>>> print(open('protein12.cif').read())   # mmCIF, C-alpha atoms
data_final
loop_
_atom_site.label_atom_id
_atom_site.label_comp_id
_atom_site.auth_asym_id
_atom_site.auth_seq_id
_atom_site.Cartn_x
_atom_site.Cartn_y
_atom_site.Cartn_z
CA MET V 1 115.46 107.34 54.03
CA ARG V 2 112.63 106.32 56.31
CA THR V 3 113.95 105.90 59.80
CA ARG V 4 110.86 105.96 62.01
CA ASN V 5 108.01 103.48 62.20
CA SER V 6 104.75 104.42 60.63
CA ASP V 7 103.16 104.56 64.08
CA PHE V 8 105.54 107.34 64.97
CA ARG V 9 104.67 109.32 61.90
CA VAL V 10 103.28 112.62 63.02
CA GLY V 11 99.95 113.18 61.30
CA LEU V 12 98.20 116.47 60.89
CA LYS V 13 96.40 115.99 64.19
CA GLY V 14 99.64 115.26 65.95
CA LEU V 15 101.18 118.35 64.44
CA LEU V 16 98.30 120.44 65.68
CA ALA V 17 98.61 118.97 69.16
CA THR V 18 102.34 119.68 69.20
CA LEU V 19 101.67 123.22 68.07
CA ALA V 20 99.12 123.64 70.82
CA VAL V 21 101.68 122.48 73.41
CA CYS V 22 104.30 124.85 72.02
CA MET V 23 101.87 127.76 72.02
CA SER V 24 100.85 127.13 75.61
CA MET V 25 104.52 126.95 76.61
CA VAL V 26 105.22 130.24 74.88
CA SER V 27 102.31 131.95 76.60
CA PHE V 28 103.40 130.43 79.93
CA GLN V 29 106.93 131.74 79.57
CA ALA V 30 105.61 135.19 78.83
CA THR V 31 103.66 135.32 82.08
CA ALA V 32 105.87 133.16 84.33
CA ALA V 33 107.14 134.37 87.68
CA PRO V 34 106.33 138.05 87.71
CA ALA V 35 107.74 139.98 90.66
CA GLY V 36 106.11 139.29 94.01
CA GLU V 37 104.54 136.00 92.97
CA SER V 38 105.64 132.81 94.69
CA SER V 39 107.27 130.13 92.60
CA ILE V 40 106.22 126.50 92.62
CA ARG V 41 108.99 125.99 95.16
CA ASN V 42 107.16 128.36 97.50
CA ASN V 43 110.06 130.79 97.30
CA SER V 44 112.03 128.78 99.80
CA ASP V 45 115.60 129.89 100.34
CA LEU V 46 117.93 127.83 98.16
CA THR V 47 120.34 127.22 101.03
CA THR V 48 117.72 125.68 103.33
CA ASP V 49 115.74 122.54 102.74
CA ALA V 50 112.05 123.10 102.28
CA PRO V 51 109.90 120.69 104.32
CA ALA V 52 109.28 117.55 102.30
CA GLU V 53 105.83 117.06 100.86
CA PRO V 54 104.11 113.84 101.86
CA MET V 55 104.47 111.12 99.23
CA LYS V 56 101.55 111.06 96.82
CA LYS V 57 99.35 107.99 96.59
CA MET V 58 99.57 106.03 93.37
CA VAL V 59 96.44 105.75 91.26
CA ASP V 60 95.40 102.11 91.52
CA THR V 61 91.91 102.10 90.05
CA ASP V 62 92.51 99.71 87.12
CA VAL V 63 90.38 102.07 85.03
CA THR V 64 92.19 103.02 81.83
CA PHE V 65 93.07 106.69 81.37
CA ASP V 66 91.88 108.56 78.30
CA ARG V 67 94.69 109.78 76.10
CA ASP V 68 95.40 113.48 76.05
CA PHE V 69 97.31 113.72 72.80
CA VAL V 70 97.76 111.66 69.67
CA GLU V 71 100.43 108.98 70.05
CA GLN V 72 100.47 109.36 73.83
CA PRO V 73 101.72 106.12 75.36
CA PRO V 74 98.80 104.81 77.46
CA LEU V 75 99.24 105.47 81.18
CA ILE V 76 99.39 102.70 83.79
CA PRO V 77 96.28 102.75 86.00
CA HIS V 78 97.70 100.57 88.75
CA ASP V 79 100.49 100.39 91.30
CA ILE V 80 103.70 98.82 90.03
CA ARG V 81 105.75 98.76 93.22
CA GLY V 82 108.38 96.06 93.03
CA TYR V 83 107.68 95.10 89.41
CA GLN V 84 110.94 93.84 87.98
CA VAL V 85 111.76 94.86 84.41
CA ASP V 86 115.32 93.99 83.46
CA LYS V 87 117.20 91.65 81.17
CA ASN V 88 116.05 88.66 83.21
CA VAL V 89 112.38 89.36 83.66
CA ASN V 90 109.66 91.66 82.41
CA LYS V 91 106.89 91.66 84.96
CA CYS V 92 104.62 93.82 82.78
CA LEU V 93 104.61 91.22 80.03
CA THR V 94 103.52 88.45 82.38
CA CYS V 95 100.07 90.01 82.04
CA HIS V 96 100.20 92.38 79.07
CA SER V 97 101.88 90.20 76.45
CA TRP V 98 99.68 88.89 73.64
CA LYS V 99 100.08 85.40 75.04
CA ASN V 100 98.93 86.25 78.55
CA ALA V 101 96.63 89.24 78.27
CA LYS V 102 93.45 87.27 77.73
CA LYS V 103 94.00 85.06 80.76
CA TRP V 104 94.56 88.04 83.05
CA LYS V 105 92.01 90.27 81.32
CA ALA V 106 94.79 92.79 80.78
CA THR V 107 95.31 95.27 77.97
CA ARG V 108 97.46 93.81 75.23
CA ILE V 109 100.58 95.72 74.26
CA SER V 110 100.37 97.39 70.87
CA ILE V 111 101.31 95.25 67.90
CA THR V 112 103.49 98.16 66.78
CA HIS V 113 105.89 97.04 69.54
CA PHE V 114 106.78 94.01 67.43
CA LYS V 115 108.67 96.16 64.93
CA ASP V 116 112.27 97.07 65.54
CA ARG V 117 113.70 100.51 64.83
CA ASP V 118 114.53 99.61 61.24
CA GLY V 119 110.92 98.69 60.59
CA ASN V 120 111.53 94.94 60.53
CA GLN V 121 108.54 92.95 61.69
CA LEU V 122 109.53 90.62 64.55
CA ALA V 123 107.62 87.73 66.11
CA ASP V 124 107.59 89.25 69.58
CA VAL V 125 108.40 92.47 71.44
CA ALA V 126 111.30 94.31 69.80
CA PRO V 127 114.29 94.97 72.05
CA ASN V 128 113.88 98.74 71.71
CA ARG V 129 110.32 98.41 73.02
CA TYR V 130 111.17 96.05 75.88
CA PHE V 131 111.56 98.58 78.68
CA CYS V 132 107.91 99.55 79.13
CA LEU V 133 108.53 102.28 81.70
CA GLN V 134 110.52 104.39 79.27
CA CYS V 135 107.16 105.49 77.86
CA HIS V 136 104.39 104.06 80.03
CA VAL V 137 104.17 105.44 83.56
CA PRO V 138 101.82 105.12 86.51
CA GLN V 139 100.14 108.22 87.90
CA ALA V 140 100.05 109.78 91.34
CA ASP V 141 96.90 111.31 92.70
CA THR V 142 98.06 114.92 92.72
CA LYS V 143 97.18 118.38 91.50
CA PRO V 144 99.33 119.98 88.79
CA LEU V 145 101.82 122.47 90.25
CA ILE V 146 100.78 125.10 87.74
CA GLU V 147 97.48 125.65 86.02
CA ASN V 148 97.29 123.95 82.69
CA LYS V 149 94.60 124.61 80.16
CA PHE V 150 95.73 121.97 77.70
CA LYS V 151 92.82 120.11 76.16
CA PRO V 152 92.97 116.96 74.05
CA VAL V 153 91.91 117.26 70.46
CA GLU V 154 88.27 116.58 69.71
CA SER V 155 88.90 113.11 68.28
CA LEU V 156 90.41 111.86 71.55
CA LYS V 157 87.59 112.96 73.81
CA MET Z 1 129.22 31.87 145.58
CA ALA Z 2 129.72 32.79 142.00
CA LYS Z 3 129.31 36.44 141.23
CA GLU Z 4 125.92 37.29 139.77
CA PHE Z 5 125.86 38.06 136.11
CA PHE Z 6 126.14 41.86 135.93
CA VAL Z 7 122.92 42.30 133.93
CA LYS Z 8 121.02 40.49 136.58
CA ARG Z 9 122.68 42.61 139.25
CA TYR Z 10 121.72 45.85 137.61
CA TRP Z 11 118.25 44.57 136.88
CA LYS Z 12 117.82 43.91 140.59
CA MET Z 13 119.09 47.36 141.40
CA LEU Z 14 116.64 48.88 139.01
CA LYS Z 15 113.80 46.72 140.25
CA ARG Z 16 114.33 47.69 143.86
CA PRO Z 17 116.15 50.98 143.95
CA VAL Z 18 116.64 52.79 147.15
CA SER Z 19 113.74 55.23 147.24
CA VAL Z 20 115.99 58.30 147.49
CA ALA Z 21 118.10 57.20 144.52
CA PHE Z 22 114.94 56.58 142.51
CA GLY Z 23 113.78 60.11 143.17
CA LEU Z 24 117.20 61.46 142.28
CA ILE Z 25 117.24 59.65 138.96
CA LEU Z 26 113.82 60.99 138.11
CA LEU Z 27 114.77 64.49 139.16
CA PHE Z 28 118.03 64.41 137.25
CA GLY Z 29 116.34 63.03 134.14
CA PHE Z 30 113.68 65.69 134.34
CA GLY Z 31 116.21 68.48 134.81
CA ALA Z 32 118.48 67.22 132.05
CA GLY Z 33 115.48 66.92 129.76
CA ILE Z 34 114.56 70.55 130.30
CA ILE Z 35 118.13 71.73 129.81
CA PHE Z 36 118.83 69.68 126.68
CA TRP Z 37 115.45 70.25 125.06
CA GLY Z 38 115.53 73.92 125.99
CA GLY Z 39 119.10 74.17 124.73
CA LEU Z 40 118.19 72.55 121.43
CA HIS Z 41 115.19 74.82 121.05
CA THR Z 42 117.15 77.97 121.94
CA GLY Z 43 119.96 76.98 119.59
CA LEU Z 44 117.54 76.36 116.75
CA GLU Z 45 115.75 79.64 117.38
CA MET Z 46 119.10 81.41 117.36
CA THR Z 47 119.73 80.11 113.84
CA ASN Z 48 116.32 81.49 112.85
CA THR Z 49 117.18 85.11 113.61
CA GLU Z 50 117.80 87.65 110.91
CA GLU Z 51 121.07 88.50 112.61
CA PHE Z 52 122.25 84.92 112.16
CA CYS Z 53 121.13 84.76 108.53
CA ILE Z 54 122.94 87.92 107.51
CA GLY Z 55 125.99 86.95 109.52
CA CYS Z 56 127.26 85.66 106.17
CA HIS Z 57 128.02 88.23 103.51
CA GLU Z 58 126.41 85.94 100.91
CA MET Z 59 123.02 86.63 102.44
CA ARG Z 60 123.69 90.17 103.63
CA ASP Z 61 124.96 91.56 100.31
CA ASN Z 62 122.55 89.78 97.99
CA VAL Z 63 119.14 88.60 99.11
CA TYR Z 64 118.95 90.80 102.20
CA GLU Z 65 119.66 94.01 100.26
CA GLU Z 66 116.91 93.13 97.77
CA TYR Z 67 114.43 92.15 100.44
CA LYS Z 68 114.91 95.52 102.18
CA THR Z 69 113.17 97.27 99.27
CA THR Z 70 110.10 95.06 99.40
CA VAL Z 71 106.79 95.16 101.17
CA HIS Z 72 107.71 92.26 103.44
CA TYR Z 73 110.40 94.45 105.01
CA SER Z 74 108.53 97.74 105.26
CA ASN Z 75 104.85 98.46 104.83
CA ALA Z 76 101.92 100.56 106.07
CA SER Z 77 100.93 98.35 108.98
CA GLY Z 78 104.45 97.76 110.28
CA VAL Z 79 104.31 93.97 110.18
CA ARG Z 80 107.54 92.42 109.03
CA ALA Z 81 108.26 88.93 107.74
CA GLU Z 82 111.89 88.13 108.29
CA CYS Z 83 114.04 85.46 106.62
CA SER Z 84 112.93 82.50 108.70
CA ASP Z 85 109.23 83.39 108.48
CA CYS Z 86 109.31 82.45 104.79
CA HIS Z 87 112.27 80.10 104.56
CA VAL Z 88 111.91 77.90 107.66
CA PRO Z 89 108.73 75.88 108.31
CA GLN Z 90 107.05 76.48 111.67
CA GLU Z 91 105.94 72.88 112.25
CA TRP Z 92 108.44 70.76 114.14
CA GLY Z 93 108.90 67.93 111.62
CA PRO Z 94 109.34 70.03 108.47
CA LYS Z 95 111.50 72.47 110.46
CA MET Z 96 113.91 69.69 111.44
CA VAL Z 97 114.03 68.44 107.85
CA ARG Z 98 114.82 71.95 106.59
CA LYS Z 99 117.46 72.50 109.26
CA ILE Z 100 119.21 69.27 108.33
CA GLN Z 101 119.09 70.21 104.64
CA ALA Z 102 120.61 73.54 105.62
CA SER Z 103 123.80 71.78 106.66
CA LYS Z 104 124.51 71.51 102.94
CA GLU Z 105 124.43 75.29 102.84
CA LEU Z 106 127.11 75.35 105.53
CA TRP Z 107 129.26 73.28 103.20
CA GLY Z 108 128.54 75.78 100.45
CA LYS Z 109 129.75 78.52 102.76
CA ILE Z 110 133.00 76.70 103.49
CA ALA Z 111 133.58 75.86 99.81
CA GLY Z 112 132.75 79.43 98.78
CA THR Z 113 130.15 78.32 96.24
CA ILE Z 114 128.47 81.73 96.09
CA ASP Z 115 131.06 83.97 97.70
CA THR Z 116 130.98 86.61 94.95
CA ARG Z 117 128.03 88.43 93.37
CA GLU Z 118 128.76 86.75 90.04
CA LYS Z 119 128.82 83.28 91.54
CA PHE Z 120 125.64 84.10 93.45
CA LEU Z 121 123.85 85.17 90.26
CA ASP Z 122 125.07 82.05 88.47
CA HIS Z 123 123.45 79.91 91.15
CA ARG Z 124 120.36 82.01 91.73
CA LEU Z 125 118.02 80.09 89.43
CA GLU Z 126 119.03 76.79 90.98
CA MET Z 127 118.57 78.08 94.54
CA ALA Z 128 115.32 79.88 93.76
CA SER Z 129 113.93 76.82 91.98
CA ARG Z 130 114.55 74.79 95.12
CA GLU Z 131 112.52 77.25 97.21
CA TRP Z 132 109.73 77.42 94.61
CA ALA Z 133 109.53 73.63 94.56
CA ARG Z 134 109.41 73.51 98.35
CA MET Z 135 106.66 76.14 98.46
CA LYS Z 136 104.68 74.42 95.72
CA GLU Z 137 105.00 71.13 97.57
CA ASN Z 138 103.64 72.44 100.89
CA ASP Z 139 100.95 74.65 99.32
CA SER Z 140 102.93 77.81 100.18
CA GLN Z 141 102.61 77.01 103.86
CA GLU Z 142 104.99 79.80 104.91
CA CYS Z 143 102.89 82.38 103.03
CA ARG Z 144 99.74 80.96 104.53
CA ASN Z 145 101.05 81.29 108.06
CA CYS Z 146 99.99 84.93 107.60
CA HIS Z 147 97.98 85.12 104.35
CA ASN Z 148 95.00 82.92 103.66
CA PHE Z 149 92.39 82.88 100.91
CA GLU Z 150 89.72 82.31 103.57
CA PHE Z 151 90.85 85.33 105.60
CA MET Z 152 91.04 87.70 102.62
CA ASP Z 153 88.41 90.39 102.30
CA TYR Z 154 88.29 90.52 98.52
CA SER Z 155 86.23 93.71 98.62
CA MET Z 156 89.23 95.48 100.16
CA GLN Z 157 91.45 94.47 97.24
CA SER Z 158 91.86 96.20 93.91
CA ASN Z 159 89.56 94.88 91.21
CA ARG Z 160 92.22 92.93 89.42
CA ALA Z 161 93.60 91.43 92.65
CA MET Z 162 90.07 90.43 93.66
CA ASP Z 163 89.41 88.81 90.28
CA ILE Z 164 92.66 86.92 90.16
CA HIS Z 165 92.60 85.76 93.79
CA TYR Z 166 89.05 84.52 93.36
CA GLN Z 167 90.01 82.56 90.25
CA ALA Z 168 93.15 81.20 91.91
CA GLN Z 169 91.19 80.01 94.93
CA LYS Z 170 88.65 78.31 92.65
CA ASN Z 171 91.38 76.62 90.60
CA GLY Z 172 93.29 75.47 93.68
CA ASP Z 173 96.37 77.51 92.80
CA THR Z 174 98.90 78.30 95.49
CA CYS Z 175 100.58 81.61 96.33
CA ILE Z 176 103.97 80.81 94.81
CA ASP Z 177 102.38 80.01 91.42
CA CYS Z 178 102.07 83.75 90.80
CA HIS Z 179 104.10 85.47 93.50
CA LYS Z 180 107.61 84.37 92.62
CA GLY Z 181 110.11 87.14 93.25
CA ILE Z 182 107.92 88.77 95.90
CA ALA Z 183 110.87 89.45 98.20
CA HIS Z 184 113.97 88.99 96.03
CA GLU Z 185 114.98 89.69 92.47
CA LEU Z 186 114.27 87.04 89.88
CA PRO Z 187 116.86 85.25 87.75
CA ASP Z 188 116.44 84.84 83.99
CA MET Z 189 113.04 83.16 83.92
CA SER Z 190 113.08 81.94 80.34
CA GLY Z 191 112.49 78.21 80.45
CA VAL Z 192 111.04 78.19 83.96
CA ALA Z 193 107.92 76.04 83.92
CA ASP Z 194 104.66 77.93 84.51
CA TRP Z 195 106.32 81.33 84.33
CA GLU Z 196 104.45 83.40 81.78
CA GLY Z 197 107.06 85.81 80.52
#
>>> encode(input="protein12.cif", output="structure tokens")
Amino acid sequence: MRTRNSDFRVGLKGLLATLAVCMSMVSFQATAAPAGESSIRNNSDLTTDAPAEPMKKMVDTDVTFDRDFVEQPPLIPHDIRGYQVDKNVNKCLTCHSWKNAKKWKATRISITHFKDRDGNQLADVAPNRYFCLQCHVPQADTKPLIENKFKPVESLK
Amino acid sequence: MAKEFFVKRYWKMLKRPVSVAFGLILLFGFGAGIIFWGGLHTGLEMTNTEEFCIGCHEMRDNVYEEYKTTVHYSNASGVRAECSDCHVPQEWGPKMVRKIQASKELWGKIAGTIDTREKFLDHRLEMASREWARMKENDSQECRNCHNFEFMDYSMQSNRAMDIHYQAQKNGDTCIDCHKGIAHELPDMSGVADWEG
């Protein structure tokens, strides 16, 4: 029985990307936290509170991010403070819906979001795709805590 | 001699008052004016304070809690817009009109129209629509007491804000056309005219 949408089907490229992630995780685990090296928590004592880092600034450039892996949900290149997304209102869709995107020069949501989980084509956003922030997230201007050598596949560059 | 008609008597008194009494009347009138006008003003201002607004749990537990998470409560520059800055006009005439309308809200308080969260949510669209209509009517005057298209430095805004504000200014749109729900949560907006959900 087919349970996933075709857009979720993991192609060969996706498989390779997943493998690459797994491999990098394996190699990370092998070298993680050797004796004498500080952890990403700066080896602070568990019973005392480490000083809080300043809050990171949100990326608000409006310039779309490149995707790093196949089927990556596109990232949000703007601040979304106070944007209401609940059963009453979806603030994202006031600009990103197919109806409104042109007016606001916004990116349209993917047409794949019009299919429900059983693969039925609907006329508008499917309920299981309604809560945008489950997959799409804004970014903070910050350095990764640990070095990461992950590179997107050639076709995404 | 027949007694003078009392109107005539008083008219004479007023026409030729004893000079001291005349001064006293003026002085008293002046003093009373200051006290009554000042009292009215102080009383009105008292009803404009945040403390007064959230004296009722209807406001404190619903709209005030939501507003506390927004940029009009806390922001980088430390300027705060409190309840009355947005919900009570600053100009004398419109302020009086709003204050008189508000007496209906007192009745609502007594009748317990929104005295639970559920009742509040049931009435939210109706109450919000009233504020949106008022804002639309006066060209978002309460927003423009602080924000103004003419005072905006578009180059300091993000690209999309710049674009949209420029278009809005050209089209003669007003703040509330787009910025509904800027300080409180929105009700179910399906069916609300010019809301693009």
>>> closest_residue(input="protein12.cif", among="V:Leu156, V:Ala140, V:Leu46, V:Val85", to="chain Z", atoms="all atoms listed in the file")
V:Val85
>>> interface_residues(input="protein12.cif", of="chain Z", to="chain V", cutoff="12 Å", atoms="all atoms listed in the file", output="ChimeraX atom specification")
/Z:66-72,75,121,124-125,157-165,167-168,178-192,194-197
>>> atom_distance(input="protein12.cif", atom1="atom CA of Z:Met13", atom2="atom CA of Z:Ile35")
27.0 Å
>>> atom_distance(input="protein12.cif", atom1="atom CA of Z:Glu131", atom2="atom CA of Z:Gly43")
23.6 Å
>>> resolve_selection(input="protein12.cif", expression="the PyMOL selection byres ((chain Z and resi 145) around 12)", output="ChimeraX atom specification")
/Z:81,84-91,138-144,146-149,151,175
>>> write_last_selection(input="protein12.cif", atoms="C-alpha atoms", output="CSV table (one decimal), in the frame of the given file")
chain,number,residue,atom,x,y,z
Z,81,ALA,CA,108.3,88.9,107.7
Z,84,SER,CA,112.9,82.5,108.7
Z,85,ASP,CA,109.2,83.4,108.5
Z,86,CYS,CA,109.3,82.4,104.8
Z,87,HIS,CA,112.3,80.1,104.6
Z,88,VAL,CA,111.9,77.9,107.7
Z,89,PRO,CA,108.7,75.9,108.3
Z,90,GLN,CA,107.0,76.5,111.7
Z,91,GLU,CA,105.9,72.9,112.2
Z,138,ASN,CA,103.6,72.4,100.9
Z,139,ASP,CA,101.0,74.6,99.3
Z,140,SER,CA,102.9,77.8,100.2
Z,141,GLN,CA,102.6,77.0,103.9
Z,142,GLU,CA,105.0,79.8,104.9
Z,143,CYS,CA,102.9,82.4,103.0
Z,144,ARG,CA,99.7,81.0,104.5
Z,146,CYS,CA,100.0,84.9,107.6
Z,147,HIS,CA,98.0,85.1,104.4
Z,148,ASN,CA,95.0,82.9,103.7
Z,149,PHE,CA,92.4,82.9,100.9
Z,151,PHE,CA,90.8,85.3,105.6
Z,175,CYS,CA,100.6,81.6,96.3
>>> residues_around(input="protein12.cif", residues="V:Gln134", least_positions_apart="3", cutoff="12 Å", atoms="only C-alpha atoms", output="JSON, numbers by chain")
{"V": [73, 74, 75, 85, 128, 129, 130, 131, 137, 138]}
>>> atom_distance(input="protein12.cif", atom1="atom CA of Z:Glu51", atom2="atom CA of Z:Ile34")
26.0 Å
>>> residues_near_point(input="protein12.cif", point="(99.9, 117.4, 95.8)", cutoff="12 Å", atoms="all atoms listed in the file", output="list in words")
Ile40, Ala52, Glu53, Pro54, Met55, Lys56, Lys57, Met58, Ala140, Asp141, Thr142, Lys143, Pro144, Leu145 and Ile146 of chain V
>>> resolve_selection(input="protein12.cif", expression="the PyMOL selection byres ((chain V and resi 111) around 12)", output="ChimeraX atom specification")
/V:7,96-98,107-110,112-116,121-126,129
>>> axis_aligned_box(input="protein12.cif", around="stretch 119-132 of chain V", padding_each_side="3 Å", output="lines of an AutoDock Vina configuration file")
center_x = 110.9
center_y = 93.6
center_z = 69.8
size_x = 12.7
size_y = 17.8
size_z = 24.6
>>> residues_near_point(input="protein12.cif", point="(121.2, 80.0, 98.9)", cutoff="12 Å", atoms="all atoms listed in the file", output="mmCIF file with C-alpha atoms, in the frame of the given file")
data_model
loop_
_atom_site.group_PDB
_atom_site.id
_atom_site.type_symbol
_atom_site.label_atom_id
_atom_site.label_comp_id
_atom_site.auth_asym_id
_atom_site.auth_seq_id
_atom_site.Cartn_x
_atom_site.Cartn_y
_atom_site.Cartn_z
ATOM 1 C CA CYS Z 53 121.130 84.760 108.530
ATOM 2 C CA ILE Z 54 122.940 87.920 107.510
ATOM 3 C CA CYS Z 56 127.260 85.660 106.170
ATOM 4 C CA HIS Z 57 128.020 88.230 103.510
ATOM 5 C CA GLU Z 58 126.410 85.940 100.910
ATOM 6 C CA MET Z 59 123.020 86.630 102.440
ATOM 7 C CA ARG Z 60 123.690 90.170 103.630
ATOM 8 C CA ASN Z 62 122.550 89.780 97.990
ATOM 9 C CA VAL Z 63 119.140 88.600 99.110
ATOM 10 C CA TYR Z 64 118.950 90.800 102.200
ATOM 11 C CA CYS Z 83 114.040 85.460 106.620
ATOM 12 C CA HIS Z 87 112.270 80.100 104.560
ATOM 13 C CA GLN Z 101 119.090 70.210 104.640
ATOM 14 C CA ALA Z 102 120.610 73.540 105.620
ATOM 15 C CA SER Z 103 123.800 71.780 106.660
ATOM 16 C CA LYS Z 104 124.510 71.510 102.940
ATOM 17 C CA GLU Z 105 124.430 75.290 102.840
ATOM 18 C CA LEU Z 106 127.110 75.350 105.530
ATOM 19 C CA TRP Z 107 129.260 73.280 103.200
ATOM 20 C CA GLY Z 108 128.540 75.780 100.450
ATOM 21 C CA LYS Z 109 129.750 78.520 102.760
ATOM 22 C CA GLY Z 112 132.750 79.430 98.780
ATOM 23 C CA THR Z 113 130.150 78.320 96.240
ATOM 24 C CA ILE Z 114 128.470 81.730 96.090
ATOM 25 C CA ASP Z 115 131.060 83.970 97.700
ATOM 26 C CA LYS Z 119 128.820 83.280 91.540
ATOM 27 C CA PHE Z 120 125.640 84.100 93.450
ATOM 28 C CA LEU Z 121 123.850 85.170 90.260
ATOM 29 C CA ASP Z 122 125.070 82.050 88.470
ATOM 30 C CA HIS Z 123 123.450 79.910 91.150
ATOM 31 C CA ARG Z 124 120.360 82.010 91.730
ATOM 32 C CA LEU Z 125 118.020 80.090 89.430
ATOM 33 C CA GLU Z 126 119.030 76.790 90.980
ATOM 34 C CA MET Z 127 118.570 78.080 94.540
ATOM 35 C CA ALA Z 128 115.320 79.880 93.760
ATOM 36 C CA SER Z 129 113.930 76.820 91.980
ATOM 37 C CA ARG Z 130 114.550 74.790 95.120
ATOM 38 C CA GLU Z 131 112.520 77.250 97.210
ATOM 39 C CA HIS Z 184 113.970 88.990 96.030
#
